[in-house]
file model23.cif (mmCIF, C-alpha atoms)
data_entry
#
loop_
_atom_site.label_atom_id
_atom_site.label_comp_id
_atom_site.auth_asym_id
_atom_site.auth_seq_id
_atom_site.Cartn_x
_atom_site.Cartn_y
_atom_site.Cartn_z
CA MET C 1 22.85 -89.87 -67.15
CA ALA C 2 24.50 -86.71 -65.85
CA TYR C 3 22.89 -84.69 -63.20
CA ILE C 4 23.65 -81.98 -60.70
CA ASN C 5 21.77 -82.39 -57.46
CA ARG C 6 21.73 -79.11 -55.61
CA LYS C 7 20.18 -80.58 -52.48
CA SER C 8 22.71 -83.35 -51.99
CA ASN C 9 25.41 -81.37 -53.81
CA GLU C 10 26.23 -84.25 -56.10
CA ILE C 11 27.45 -84.28 -59.69
CA ARG C 12 27.30 -87.51 -61.63
CA LEU C 13 28.92 -88.04 -65.02
CA LYS C 14 28.68 -90.93 -67.42
CA ILE C 15 31.67 -91.51 -69.65
CA VAL C 16 31.72 -94.26 -72.25
CA TYR C 17 34.79 -95.80 -73.87
CA TYR C 18 33.72 -96.49 -77.43
CA GLY C 19 35.61 -98.02 -80.35
CA PRO C 20 36.10 -101.04 -82.59
CA ALA C 21 36.48 -104.56 -81.26
CA LEU C 22 39.78 -105.34 -79.55
CA SER C 23 40.92 -101.72 -79.64
CA GLY C 24 41.71 -101.70 -75.91
CA LYS C 25 38.66 -100.17 -74.22
CA THR C 26 38.61 -102.67 -71.38
CA THR C 27 42.39 -102.48 -71.07
CA ASN C 28 41.99 -98.74 -70.47
CA LEU C 29 39.53 -99.34 -67.68
CA LEU C 30 41.65 -102.09 -66.19
CA TYR C 31 44.64 -99.81 -66.08
CA VAL C 32 42.60 -97.12 -64.34
CA TYR C 33 41.26 -99.67 -61.91
CA LYS C 34 44.63 -101.23 -61.14
CA ASN C 35 46.45 -97.96 -60.62
CA PHE C 36 43.92 -95.53 -59.22
CA SER C 37 41.21 -97.62 -57.56
CA LYS C 38 42.55 -97.17 -54.02
CA ARG C 39 42.29 -93.39 -54.29
CA SER C 40 38.89 -93.35 -55.89
CA ASN C 41 37.21 -96.16 -53.91
CA SER C 42 36.14 -97.88 -57.10
CA LYS C 43 35.33 -101.44 -58.01
CA LEU C 44 35.39 -102.78 -61.54
CA ILE C 45 32.40 -104.74 -62.72
CA THR C 46 33.04 -106.69 -65.88
CA ILE C 47 31.15 -109.35 -67.76
CA ASN C 48 33.34 -111.04 -70.31
CA THR C 49 33.44 -114.29 -72.25
CA ASP C 50 36.06 -117.02 -72.09
CA GLY C 51 38.21 -115.31 -74.65
CA ASP C 52 38.34 -112.13 -72.55
CA ARG C 53 35.99 -110.33 -74.92
CA THR C 54 33.51 -107.91 -73.39
CA LEU C 55 30.10 -109.54 -73.50
CA PHE C 56 27.89 -106.81 -72.09
CA PHE C 57 29.88 -103.91 -70.70
CA ASP C 58 32.48 -102.98 -68.11
CA PHE C 59 31.57 -100.54 -65.41
CA LEU C 60 33.92 -98.61 -63.16
CA PRO C 61 32.46 -96.08 -60.73
CA PHE C 62 35.07 -93.46 -60.00
CA ASP C 63 34.67 -91.24 -56.98
CA LEU C 64 36.53 -87.94 -57.22
CA GLY C 65 35.44 -86.77 -53.78
CA SER C 66 34.40 -83.27 -52.85
CA ILE C 67 35.15 -80.52 -55.37
CA ASN C 68 34.01 -77.01 -54.62
CA GLY C 69 31.42 -78.43 -52.26
CA PHE C 70 30.16 -80.98 -54.77
CA ASN C 71 30.60 -84.69 -54.51
CA VAL C 72 31.70 -85.68 -58.03
CA ARG C 73 31.09 -89.23 -59.19
CA VAL C 74 32.22 -90.46 -62.56
CA GLN C 75 30.87 -93.64 -64.09
CA LEU C 76 33.15 -95.22 -66.65
CA PHE C 77 31.64 -97.67 -69.10
CA THR C 78 32.95 -99.64 -72.04
CA VAL C 79 30.89 -101.09 -74.85
CA PRO C 80 31.37 -104.45 -76.56
CA GLY C 81 33.08 -103.64 -79.82
CA GLN C 82 31.97 -106.67 -81.79
CA ASP C 83 29.47 -106.03 -84.58
CA LYS C 84 26.85 -108.39 -83.19
CA TYR C 85 26.41 -106.35 -79.98
CA LEU C 86 24.89 -103.33 -81.69
CA THR C 87 21.87 -103.18 -79.37
CA THR C 88 24.06 -103.46 -76.26
CA ARG C 89 26.13 -100.53 -77.48
CA LYS C 90 22.95 -98.57 -78.06
CA LEU C 91 21.81 -99.29 -74.52
CA VAL C 92 25.12 -98.37 -72.92
CA ILE C 93 25.34 -95.09 -74.82
CA ASN C 94 21.98 -93.98 -73.41
CA GLY C 95 22.48 -90.89 -71.23
CA VAL C 96 26.16 -90.56 -72.02
CA ASP C 97 27.89 -87.28 -71.11
CA GLY C 98 31.35 -87.85 -72.52
CA ILE C 99 32.97 -90.26 -74.93
CA VAL C 100 36.46 -91.62 -75.25
CA PHE C 101 36.82 -93.05 -78.72
CA VAL C 102 39.53 -95.70 -78.56
CA ALA C 103 40.84 -96.19 -82.09
CA ASP C 104 43.17 -99.03 -83.01
CA MET C 105 46.45 -97.88 -84.54
CA ALA C 106 47.03 -101.16 -86.36
CA ALA C 107 46.95 -100.60 -90.12
CA SER C 108 44.62 -103.53 -90.60
CA GLN C 109 42.02 -101.87 -88.34
CA ARG C 110 41.58 -98.68 -90.36
CA MET C 111 38.19 -99.62 -91.75
CA ASN C 112 36.97 -100.91 -88.37
CA ASN C 113 37.81 -97.56 -86.76
CA LEU C 114 35.76 -95.74 -89.37
CA LEU C 115 32.86 -98.15 -89.01
CA ALA C 116 32.90 -97.79 -85.22
CA LEU C 117 32.83 -94.00 -85.50
CA LYS C 118 29.94 -94.22 -87.92
CA ASP C 119 28.17 -96.56 -85.52
CA LEU C 120 28.70 -94.09 -82.67
CA TYR C 121 27.33 -91.26 -84.77
CA LYS C 122 24.19 -93.27 -85.57
CA ASN C 123 23.68 -94.32 -81.95
CA LEU C 124 24.01 -90.75 -80.71
CA VAL C 125 21.54 -89.53 -83.32
CA GLY C 126 19.15 -92.15 -81.94
CA TYR C 127 19.24 -90.29 -78.60
CA ASN C 128 19.02 -86.83 -80.22
CA LYS C 129 22.65 -86.08 -79.49
CA SER C 130 25.20 -84.69 -81.85
CA ILE C 131 28.66 -86.16 -82.15
CA PHE C 132 29.91 -82.61 -82.84
CA LYS C 133 28.57 -81.20 -79.57
CA ILE C 134 29.15 -84.02 -77.11
CA PRO C 135 32.44 -83.88 -75.14
CA MET C 136 34.70 -86.39 -76.79
CA VAL C 137 38.36 -87.38 -76.78
CA PHE C 138 40.15 -89.57 -79.30
CA GLN C 139 42.66 -92.09 -78.07
CA PHE C 140 44.83 -93.72 -80.73
CA ASN C 141 45.72 -96.86 -78.88
CA LYS C 142 48.31 -99.63 -79.37
CA GLN C 143 51.31 -97.46 -80.03
CA ASP C 144 53.38 -100.36 -78.66
CA LEU C 145 52.71 -102.27 -81.90
CA VAL C 146 55.42 -100.20 -83.57
CA LYS C 147 58.05 -102.00 -81.49
CA ASN C 148 56.90 -105.37 -82.78
CA GLY C 149 57.15 -104.28 -86.37
CA THR C 150 53.40 -104.45 -86.92
CA PRO C 151 52.32 -101.89 -89.53
CA THR C 152 50.53 -99.03 -87.82
CA LEU C 153 48.62 -96.03 -89.08
CA PRO C 154 50.44 -92.71 -88.81
CA GLU C 155 48.89 -90.05 -86.60
CA LYS C 156 48.19 -87.79 -89.58
CA LYS C 157 46.20 -90.49 -91.31
CA LEU C 158 44.22 -91.27 -88.18
CA LEU C 159 43.45 -87.61 -87.67
CA LYS C 160 42.39 -87.25 -91.28
CA ASP C 161 40.23 -90.36 -91.10
CA LEU C 162 38.54 -89.74 -87.79
CA ASN C 163 39.06 -86.26 -86.54
CA CYS C 164 39.20 -83.95 -89.56
CA LYS C 165 35.64 -82.72 -89.08
CA LEU C 166 35.15 -83.32 -85.37
CA ARG C 167 38.31 -81.53 -84.20
CA LYS C 168 38.36 -83.21 -80.80
CA PRO C 169 41.44 -83.52 -78.58
CA CYS C 170 43.40 -86.69 -79.19
CA TYR C 171 46.11 -88.76 -77.51
CA ILE C 172 48.44 -91.42 -78.81
CA ALA C 173 48.35 -94.10 -76.17
CA SER C 174 49.31 -97.58 -75.16
CA ALA C 175 46.72 -98.87 -72.75
CA LEU C 176 48.77 -101.98 -72.11
CA ASN C 177 51.62 -99.89 -70.71
CA GLY C 178 49.40 -97.13 -69.41
CA LYS C 179 50.77 -94.43 -71.67
CA ASN C 180 48.32 -91.51 -71.84
CA VAL C 181 45.53 -93.50 -70.21
CA ALA C 182 45.33 -91.10 -67.27
CA ALA C 183 45.75 -88.08 -69.55
CA THR C 184 42.80 -89.21 -71.66
CA LEU C 185 40.68 -89.72 -68.58
CA LYS C 186 41.63 -86.35 -67.10
CA LYS C 187 40.75 -84.59 -70.32
CA ILE C 188 37.39 -86.24 -70.76
CA ILE C 189 36.39 -85.67 -67.13
CA SER C 190 37.27 -81.98 -67.26
CA MET C 191 35.57 -81.55 -70.64
CA THR C 192 32.42 -83.33 -69.53
CA SER C 193 32.13 -81.56 -66.19
CA SER C 194 32.69 -78.13 -67.70
CA ASN C 195 30.09 -78.89 -70.38
CA LEU C 196 27.65 -80.00 -67.69
CA ILE C 197 28.19 -76.92 -65.55
CA ASN C 198 27.84 -74.63 -68.56
CA ASN C 199 24.53 -76.25 -69.43
CA PHE C 200 23.40 -76.01 -65.81
CA ASN C 201 24.33 -72.35 -65.52
CA MET R 1 18.68 -71.43 -58.96
CA GLU R 2 22.19 -70.66 -57.74
CA LYS R 3 24.91 -70.79 -60.36
CA ILE R 4 28.06 -72.86 -59.95
CA ASP R 5 31.31 -70.95 -60.04
CA PHE R 6 32.82 -72.43 -63.16
CA THR R 7 36.43 -71.22 -62.88
CA SER R 8 36.95 -72.21 -59.26
CA PHE R 9 35.29 -75.57 -59.90
CA GLU R 10 37.53 -76.22 -62.89
CA LYS R 11 40.68 -75.36 -60.94
CA GLU R 12 39.75 -77.59 -58.04
CA LEU R 13 38.76 -80.41 -60.37
CA GLU R 14 42.13 -80.25 -62.09
CA LYS R 15 43.93 -80.40 -58.76
CA LYS R 16 41.84 -83.37 -57.69
CA LEU R 17 42.40 -85.19 -60.95
CA ASN R 18 46.12 -84.62 -60.70
CA THR R 19 46.24 -86.12 -57.23
CA ILE R 20 44.00 -89.08 -58.01
CA LEU R 21 45.36 -89.88 -61.44
CA CYS R 22 48.98 -89.47 -60.43
CA GLU R 23 51.00 -92.43 -61.74
CA ASP R 24 53.98 -92.43 -59.37
CA HIS R 25 52.50 -94.77 -56.80
CA GLU R 26 52.86 -98.53 -56.58
CA GLN R 27 50.56 -100.78 -58.50
CA SER R 28 47.95 -102.58 -56.45
CA ASN R 29 48.02 -106.34 -56.14
CA ILE R 30 44.93 -107.08 -58.12
CA PRO R 31 44.78 -110.44 -59.87
CA LYS R 32 45.50 -109.93 -63.53
CA ARG R 33 43.03 -110.68 -66.24
CA LYS R 34 44.19 -112.97 -69.03
CA SER R 35 44.48 -110.11 -71.49
CA ASP R 36 46.93 -108.28 -69.22
CA ARG R 37 49.36 -111.12 -69.48
CA VAL R 38 49.24 -111.26 -73.25
CA ILE R 39 52.67 -111.35 -74.75
CA ILE R 40 52.28 -110.28 -78.33
CA TYR R 41 52.86 -113.37 -80.43
CA PRO R 42 52.69 -112.65 -84.15
CA LEU R 43 51.90 -116.25 -85.10
CA HIS R 44 48.91 -116.51 -82.77
CA ASN R 45 46.31 -116.52 -85.55
CA LEU R 46 48.37 -118.61 -87.94
CA LYS R 47 48.85 -121.26 -85.27
CA LYS R 48 45.11 -121.48 -84.76
CA ILE R 49 44.51 -121.87 -88.49
CA VAL R 50 47.27 -124.45 -88.98
CA LEU R 51 45.84 -126.53 -86.13
CA SER R 52 42.34 -126.23 -87.56
CA LEU R 53 43.63 -127.36 -90.98
CA GLU R 54 44.92 -130.52 -89.35
CA TRP R 55 41.42 -131.20 -88.08
CA GLU R 56 39.34 -130.09 -91.04
CA ILE R 57 40.04 -128.51 -94.41
CA SER R 58 37.38 -125.95 -95.18
CA GLU R 59 37.35 -123.28 -97.87
CA GLU R 60 37.10 -120.58 -95.22
CA SER R 61 40.03 -121.83 -93.16
CA ILE R 62 42.26 -122.00 -96.24
CA ILE R 63 41.28 -118.47 -97.23
CA GLN R 64 42.06 -117.33 -93.70
CA TYR R 65 45.35 -119.21 -93.85
CA LEU R 66 46.37 -117.45 -97.06
CA LYS R 67 45.26 -114.08 -95.69
CA GLN R 68 47.28 -114.57 -92.53
CA LEU R 69 50.34 -115.56 -94.55
CA LYS R 70 49.96 -112.44 -96.67
CA TYR R 71 49.66 -110.31 -93.55
CA LEU R 72 52.77 -111.89 -92.00
CA GLY R 73 54.57 -111.45 -95.30
CA GLU R 74 53.96 -107.71 -95.06
CA ILE R 75 55.21 -107.62 -91.47
CA PHE R 76 58.33 -109.67 -92.04
CA ALA R 77 59.06 -108.44 -95.54
CA LYS R 78 62.63 -107.55 -94.58
CA ASP R 79 63.51 -110.95 -93.13
CA LYS R 80 64.52 -113.28 -95.96
CA ASN R 81 64.47 -116.44 -93.83
CA ILE R 82 60.90 -115.85 -92.79
CA THR R 83 59.70 -114.84 -96.24
CA VAL R 84 61.03 -118.12 -97.70
CA LEU R 85 59.03 -120.13 -95.20
CA LEU R 86 55.96 -117.98 -95.71
CA ARG R 87 56.28 -118.41 -99.46
CA ILE R 88 56.44 -122.18 -99.18
CA GLN R 89 53.36 -122.13 -97.01
CA THR R 90 51.54 -119.80 -99.41
CA ILE R 91 52.23 -122.11 -102.35
CA LEU R 92 51.03 -125.07 -100.32
CA GLY R 93 47.95 -123.13 -99.24
CA LYS R 94 47.08 -122.34 -102.83
CA TYR R 95 47.67 -125.97 -103.78
CA ILE R 96 45.40 -127.19 -100.97
CA LYS R 97 42.78 -124.62 -101.94
CA ARG R 98 42.80 -125.90 -105.51
CA PHE R 99 42.83 -129.62 -104.92
CA LYS R 100 41.03 -129.80 -101.57
CA SER R 101 40.41 -133.48 -100.73
CA ASP R 102 42.69 -134.61 -103.57
CA THR R 103 45.63 -132.89 -101.92
CA ASN R 104 48.67 -135.04 -101.36
CA PRO R 105 48.74 -135.77 -97.59
CA TYR R 106 52.44 -134.93 -97.51
CA ALA R 107 51.49 -131.29 -98.15
CA PHE R 108 49.87 -131.11 -94.71
CA THR R 109 52.95 -132.44 -92.99
CA ILE R 110 54.98 -129.74 -94.72
CA VAL R 111 52.46 -127.11 -93.62
CA GLN R 112 52.95 -128.28 -90.04
CA THR R 113 56.74 -128.53 -90.18
CA ALA R 114 57.08 -125.21 -91.99
CA PHE R 115 54.97 -123.57 -89.32
CA ARG R 116 57.12 -125.10 -86.56
CA SER R 117 60.27 -123.83 -88.25
CA LEU R 118 58.71 -120.41 -88.65
CA ASP R 119 57.75 -120.42 -84.99
CA LYS R 120 61.31 -121.36 -84.00
CA ILE R 121 62.82 -118.60 -86.14
CA ILE R 122 60.43 -115.88 -84.98
CA CYS R 123 60.35 -116.78 -81.29
CA GLY R 124 63.98 -117.82 -80.98
CA LYS R 125 65.62 -114.44 -81.31
CA ASN R 126 68.95 -115.86 -80.15
CA LEU R 127 68.87 -118.68 -82.70
CA PRO R 128 72.13 -118.66 -84.70
CA ASP R 129 71.92 -118.00 -88.43
CA SER R 130 73.37 -121.41 -89.26
CA GLU R 131 70.48 -123.13 -87.48
CA LYS R 132 68.00 -120.88 -89.20
CA ARG R 133 69.47 -121.76 -92.58
CA GLN R 134 69.40 -125.44 -91.68
CA LEU R 135 65.71 -125.22 -90.81
CA ILE R 136 64.93 -123.46 -94.07
CA SER R 137 66.95 -125.89 -96.19
CA LEU R 138 65.08 -128.77 -94.54
CA GLU R 139 61.77 -127.22 -95.45
CA ILE R 140 62.92 -126.57 -99.01
CA LYS R 141 63.97 -130.22 -99.29
CA ARG R 142 60.58 -131.32 -98.08
CA TYR R 143 58.91 -129.01 -100.53
CA LYS R 144 61.01 -130.36 -103.41
CA LYS R 145 60.17 -133.90 -102.38
CA LEU R 146 56.49 -133.06 -102.52
CA LYS R 147 56.98 -131.51 -105.92
CA GLN R 148 58.64 -134.71 -107.17
CA LEU R 149 55.81 -136.79 -105.74
CA LEU R 150 53.29 -134.61 -107.47
CA ASP R 151 55.18 -134.78 -110.78
CA LYS R 152 55.21 -138.58 -110.61
CA ASN R 153 51.53 -138.69 -109.89
CA LYS R 154 50.89 -136.27 -112.70
CA ASN R 155 52.71 -138.50 -115.21
CA GLY R 156 50.89 -141.57 -113.98
CA TYR R 157 47.65 -139.74 -114.33
CA LEU R 158 48.44 -138.78 -117.91
CA LYS R 159 49.47 -142.31 -118.80
CA LYS R 160 46.18 -143.59 -117.55
CA ARG R 161 44.36 -141.05 -119.62
CA VAL R 162 46.02 -142.00 -122.97
CA ILE R 163 43.22 -142.97 -125.37
CA PRO R 164 43.54 -146.63 -126.39
CA LYS R 165 43.80 -147.27 -130.11
CA ARG R 166 40.66 -148.60 -131.64
CA PRO R 167 40.84 -151.53 -134.03
CA LEU R 168 40.90 -150.59 -137.73
CA ALA R 169 37.59 -152.10 -138.47
CA GLN R 170 35.99 -149.65 -136.10
CA SER R 171 38.02 -146.58 -136.92
CA GLY R 172 38.60 -146.95 -140.67
CA LEU R 173 41.80 -144.92 -140.29
CA CYS R 174 45.57 -145.66 -140.14
CA ILE R 175 45.38 -148.22 -142.87
CA LYS R 176 48.94 -148.22 -144.05
CA LYS R 177 50.76 -148.83 -140.83
CA HIS R 178 48.80 -151.87 -139.81
CA SER R 179 50.66 -155.06 -140.49
CA HIS R 180 49.11 -158.16 -141.88
CA ASN R 181 49.89 -160.22 -138.84
CA THR R 182 48.07 -157.90 -136.49
CA GLU R 183 45.05 -158.01 -138.75
CA LYS R 184 45.07 -161.76 -138.60
CA ALA R 185 45.42 -161.56 -134.89
CA HIS R 186 42.33 -159.38 -134.77
CA GLY R 187 40.53 -162.04 -136.80
CA TYR R 188 39.19 -159.91 -139.68
CA SER R 189 37.39 -161.71 -142.51
CA LYS R 190 39.07 -162.30 -145.96
CA GLU R 191 36.46 -160.17 -147.71
CA PHE R 192 37.24 -157.23 -145.48
CA LEU R 193 40.96 -157.57 -146.22
CA ILE R 194 40.35 -157.61 -150.02
CA TYR R 195 38.13 -154.54 -149.81
CA ARG R 196 40.73 -152.78 -147.79
CA GLN R 197 43.50 -153.55 -150.29
CA LEU R 198 41.32 -152.22 -153.08
CA PHE R 199 40.58 -149.14 -151.08
CA GLU R 200 44.29 -148.57 -150.46
CA LYS R 201 45.03 -148.90 -154.18
CA SER R 202 42.33 -146.45 -155.16
CA ILE R 203 43.63 -143.92 -152.65
CA SER R 204 47.21 -144.24 -153.97
CA GLU R 205 45.90 -143.81 -157.55
CA MET R 206 44.01 -140.69 -156.54
CA LYS R 207 47.12 -139.31 -154.88
CA LEU R 208 49.16 -139.93 -158.03
CA PHE R 209 46.50 -138.27 -160.17
CA ILE R 210 46.39 -135.19 -157.93
CA ARG R 211 50.17 -134.90 -157.90
CA ASN R 212 50.32 -135.09 -161.71
CA GLU R 213 47.63 -132.46 -162.08
CA LEU R 214 49.43 -130.14 -159.71
CA ARG R 215 52.69 -130.63 -161.62
CA LYS R 216 50.98 -129.72 -164.89
CA LEU R 217 49.48 -126.58 -163.33
CA ARG R 218 52.87 -125.51 -162.03
CA MET R 219 54.44 -125.99 -165.45
CA GLU R 220 51.71 -123.89 -167.08
CA LEU R 221 52.17 -121.10 -164.55
CA ARG R 222 55.93 -121.06 -165.09
CA SER R 223 55.57 -120.89 -168.87
CA LYS R 224 53.08 -117.98 -168.58
CA LYS R 225 55.42 -116.07 -166.32
CA VAL R 226 58.33 -116.46 -168.74
#
call {"tool": "encode", "arguments": {"input": "model23.cif", "output": "C-alpha cells"}}
result
Amino acid sequence: MAYINRKSNEIRLKIVYYGPALSGKTTNLLYVYKNFSKRSNSKLITINTDGDRTLFFDFLPFDLGSINGFNVRVQLFTVPGQDKYLTTRKLVINGVDGIVFVADMAASQRMNNLLALKDLYKNLVGYNKSIFKIPMVFQFNKQDLVKNGTPTLPEKKLLKDLNCKLRKPCYIASALNGKNVAATLKKIISMTSSNLINNFN
Amino acid sequence: MEKIDFTSFEKELEKKLNTILCEDHEQSNIPKRKSDRVIIYPLHNLKKIVLSLEWEISEESIIQYLKQLKYLGEIFAKDKNITVLLRIQTILGKYIKRFKSDTNPYAFTIVQTAFRSLDKIICGKNLPDSEKRQLISLEIKRYKKLKQLLDKNKNGYLKKRVIPKRPLAQSGLCIKKHSHNTEKAHGYSKEFLIYRQLFEKSISEMKLFIRNELRKLRMELRSKKV
C-alpha cells in the first residue's frame, strides 16, 4: 500500500508484475535483483516449487534512497500466473499502486494473455480500483523467441488485443537477456510516484 | 499540509533511476536459479510426452503428443527433414490413439527412435545432410516394416473372420454345387436325398416355364410394335 509519511519523509510504492503463467514475471525481478541489487540494497524473497514456478509470490524491496528529501522505497511483487492461484493473486494485488503487465509474445499464449488481463481487471474491481486509472505499463516479453523460429505475436496484434482501450505505455522486452527490463521499471516507478504525489497534493 | 514540489521531485527521481538502473556495470555473482540457465530446447515437451508414453498410454497423453507434434510442425514447416519425422510420428500417434492397447508394440519403438532422430537433427546443427537423410531413411524403413506387419495381421484377422459354410441340411441353399460324395460324407439319410432331387427337378421345371413365358411375351411385344 502506497503512502507518503510527512513526519519520517518516506514514500512507499507497491508495484506488481502481473501476467499469464510462464510469461517471465519472476525473470524480470531476477534480472533487476542480479543487476541492480548492490545499488538499491535489496534482497529477493522468492517461494517457488521444484519446477521453478512461483508458488506464492516473489518480493523485491527496492530502495531508491533520498529524493527531494524523501526516502523512496519501492516494493516489487510478482504473482503466480497459474490459474489455480487466483486467491493468491487477489491477495498480492491488494494495495497495489502500479502494475507491470508482462504479456507473453508467443503466438500460442494469445488467449492466456487476454485471460490474465481479464483476471487483473476483475481483481482490481474487487478492490474498487479501475484498470483505466491505475498506473500501468505493458511489457511484451520473450522477444528472443523470434530467433528460435517460434511463432510470435506481432506488436500490432498485441497492442490491439491488450492495449487498444487502455492506451498504456508498452515495451517489447526480453527478460532473459534484460532487454527493456530496466526501462519498464523506470517507467512504472515514475508513473506510480507521480500519480501518488498528484493524489497527495 | 505542505505540498510536494512535483516537477523537482520528478526530475530528481529520473536522475536517481538512471543512476541505479544503469546497465553498464558488472553483473553480481549471485547463484543462478534453474530458470536462468534454461537453454531453449524445442523438444522439451515432446520428450516428456514420449517418455510418459513408454510408461503409460493414456488418452490425454496421446492427445498432448499429437498437439505437440502439430505445434512443432508449424515451427519447423520449412525443414523437410523434420516434417517427415514429425509426420511419421503423427501417423503413429493417430494409430495408437485409435487402437490403444491393441497397438502393435513395434509402433512404440518407432515412436522412440523417430524422436531420437528428430532430437539429433534439431540439436545437431552441424550434422551433415547425408547423415540426416540416413536417419530419415532408417525411420521410413522402420515405418514401412510396421505397415507390412500390420497388413499381415489384418489379413490374418480377416481369414479368421470368414464365415464357415453351414451344411446343406441346415442352410437349404447351394443345392446344385454340392457333390454326392460330400453328402454321403455328411451322412444324410436316403429320404432326404430323394426329396432334394425332387426339389431340384421342380425348380428346374419352374425355371423352364418362366423362361418360356417370357419368350412368348417378348414375341407378342415385337409383333405389336411391327
call {"tool": "resolve_selection", "arguments": {"input": "model23.cif", "expression": "the PyMOL selection byres ((chain C) within 9 of (chain R))", "output": "PDB file with C-alpha atoms, in the coordinates of the input"}}
result
ATOM      1  CA  ARG C   6      21.730 -79.110 -55.610  1.00  0.00           C
ATOM      2  CA  THR C  27      42.390-102.480 -71.070  1.00  0.00           C
ATOM      3  CA  LEU C  30      41.650-102.090 -66.190  1.00  0.00           C
ATOM      4  CA  VAL C  32      42.600 -97.120 -64.340  1.00  0.00           C
ATOM      5  CA  LYS C  34      44.630-101.230 -61.140  1.00  0.00           C
ATOM      6  CA  ASN C  35      46.450 -97.960 -60.620  1.00  0.00           C
ATOM      7  CA  PHE C  36      43.920 -95.530 -59.220  1.00  0.00           C
ATOM      8  CA  SER C  37      41.210 -97.620 -57.560  1.00  0.00           C
ATOM      9  CA  LYS C  38      42.550 -97.170 -54.020  1.00  0.00           C
ATOM     10  CA  ARG C  39      42.290 -93.390 -54.290  1.00  0.00           C
ATOM     11  CA  SER C  40      38.890 -93.350 -55.890  1.00  0.00           C
ATOM     12  CA  GLY C  51      38.210-115.310 -74.650  1.00  0.00           C
ATOM     13  CA  ASP C  52      38.340-112.130 -72.550  1.00  0.00           C
ATOM     14  CA  LEU C  64      36.530 -87.940 -57.220  1.00  0.00           C
ATOM     15  CA  GLY C  65      35.440 -86.770 -53.780  1.00  0.00           C
ATOM     16  CA  SER C  66      34.400 -83.270 -52.850  1.00  0.00           C
ATOM     17  CA  ILE C  67      35.150 -80.520 -55.370  1.00  0.00           C
ATOM     18  CA  ASN C  68      34.010 -77.010 -54.620  1.00  0.00           C
ATOM     19  CA  SER C 108      44.620-103.530 -90.600  1.00  0.00           C
ATOM     20  CA  LEU C 145      52.710-102.270 -81.900  1.00  0.00           C
ATOM     21  CA  ASN C 148      56.900-105.370 -82.780  1.00  0.00           C
ATOM     22  CA  GLY C 149      57.150-104.280 -86.370  1.00  0.00           C
ATOM     23  CA  THR C 150      53.400-104.450 -86.920  1.00  0.00           C
ATOM     24  CA  PRO C 151      52.320-101.890 -89.530  1.00  0.00           C
ATOM     25  CA  LEU C 176      48.770-101.980 -72.110  1.00  0.00           C
ATOM     26  CA  ALA C 182      45.330 -91.100 -67.270  1.00  0.00           C
ATOM     27  CA  ALA C 183      45.750 -88.080 -69.550  1.00  0.00           C
ATOM     28  CA  LEU C 185      40.680 -89.720 -68.580  1.00  0.00           C
ATOM     29  CA  LYS C 186      41.630 -86.350 -67.100  1.00  0.00           C
ATOM     30  CA  ILE C 189      36.390 -85.670 -67.130  1.00  0.00           C
ATOM     31  CA  SER C 190      37.270 -81.980 -67.260  1.00  0.00           C
ATOM     32  CA  SER C 193      32.130 -81.560 -66.190  1.00  0.00           C
ATOM     33  CA  SER C 194      32.690 -78.130 -67.700  1.00  0.00           C
ATOM     34  CA  ILE C 197      28.190 -76.920 -65.550  1.00  0.00           C
ATOM     35  CA  ASN C 198      27.840 -74.630 -68.560  1.00  0.00           C
ATOM     36  CA  PHE C 200      23.400 -76.010 -65.810  1.00  0.00           C
ATOM     37  CA  ASN C 201      24.330 -72.350 -65.520  1.00  0.00           C
TER      38      ASN C 201
END
call {"tool": "atom_distance", "arguments": {"input": "model23.cif", "atom1": "atom CA of C:Val74", "atom2": "atom CA of C:Leu13"}}
result
4.8 Å
call {"tool": "axis_aligned_box", "arguments": {"input": "model23.cif", "around": "stretch 5-15 of chain R", "padding_each_side": "5 Å", "output": "JSON"}}
result
{"center_x": 37.6, "center_y": -75.7, "center_z": -60.6, "size_x": 22.6, "size_y": 19.5, "size_z": 15.1}
call {"tool": "resolve_selection", "arguments": {"input": "model23.cif", "expression": "the PyMOL selection byres ((chain C and resi 19) around 12)", "output": "PyMOL selection string"}}
result
chain C and resi 16-18+20-26+28+77-83+89+99-105+109-121+137-141+162
call {"tool": "atom_distance", "arguments": {"input": "model23.cif", "atom1": "atom CA of C:Asn5", "atom2": "atom CA of C:Thr184"}}
result
26.3 Å
call {"tool": "atom_distance", "arguments": {"input": "model23.cif", "atom1": "atom CA of R:Val111", "atom2": "atom CA of R:Ser58"}}
result
15.2 Å
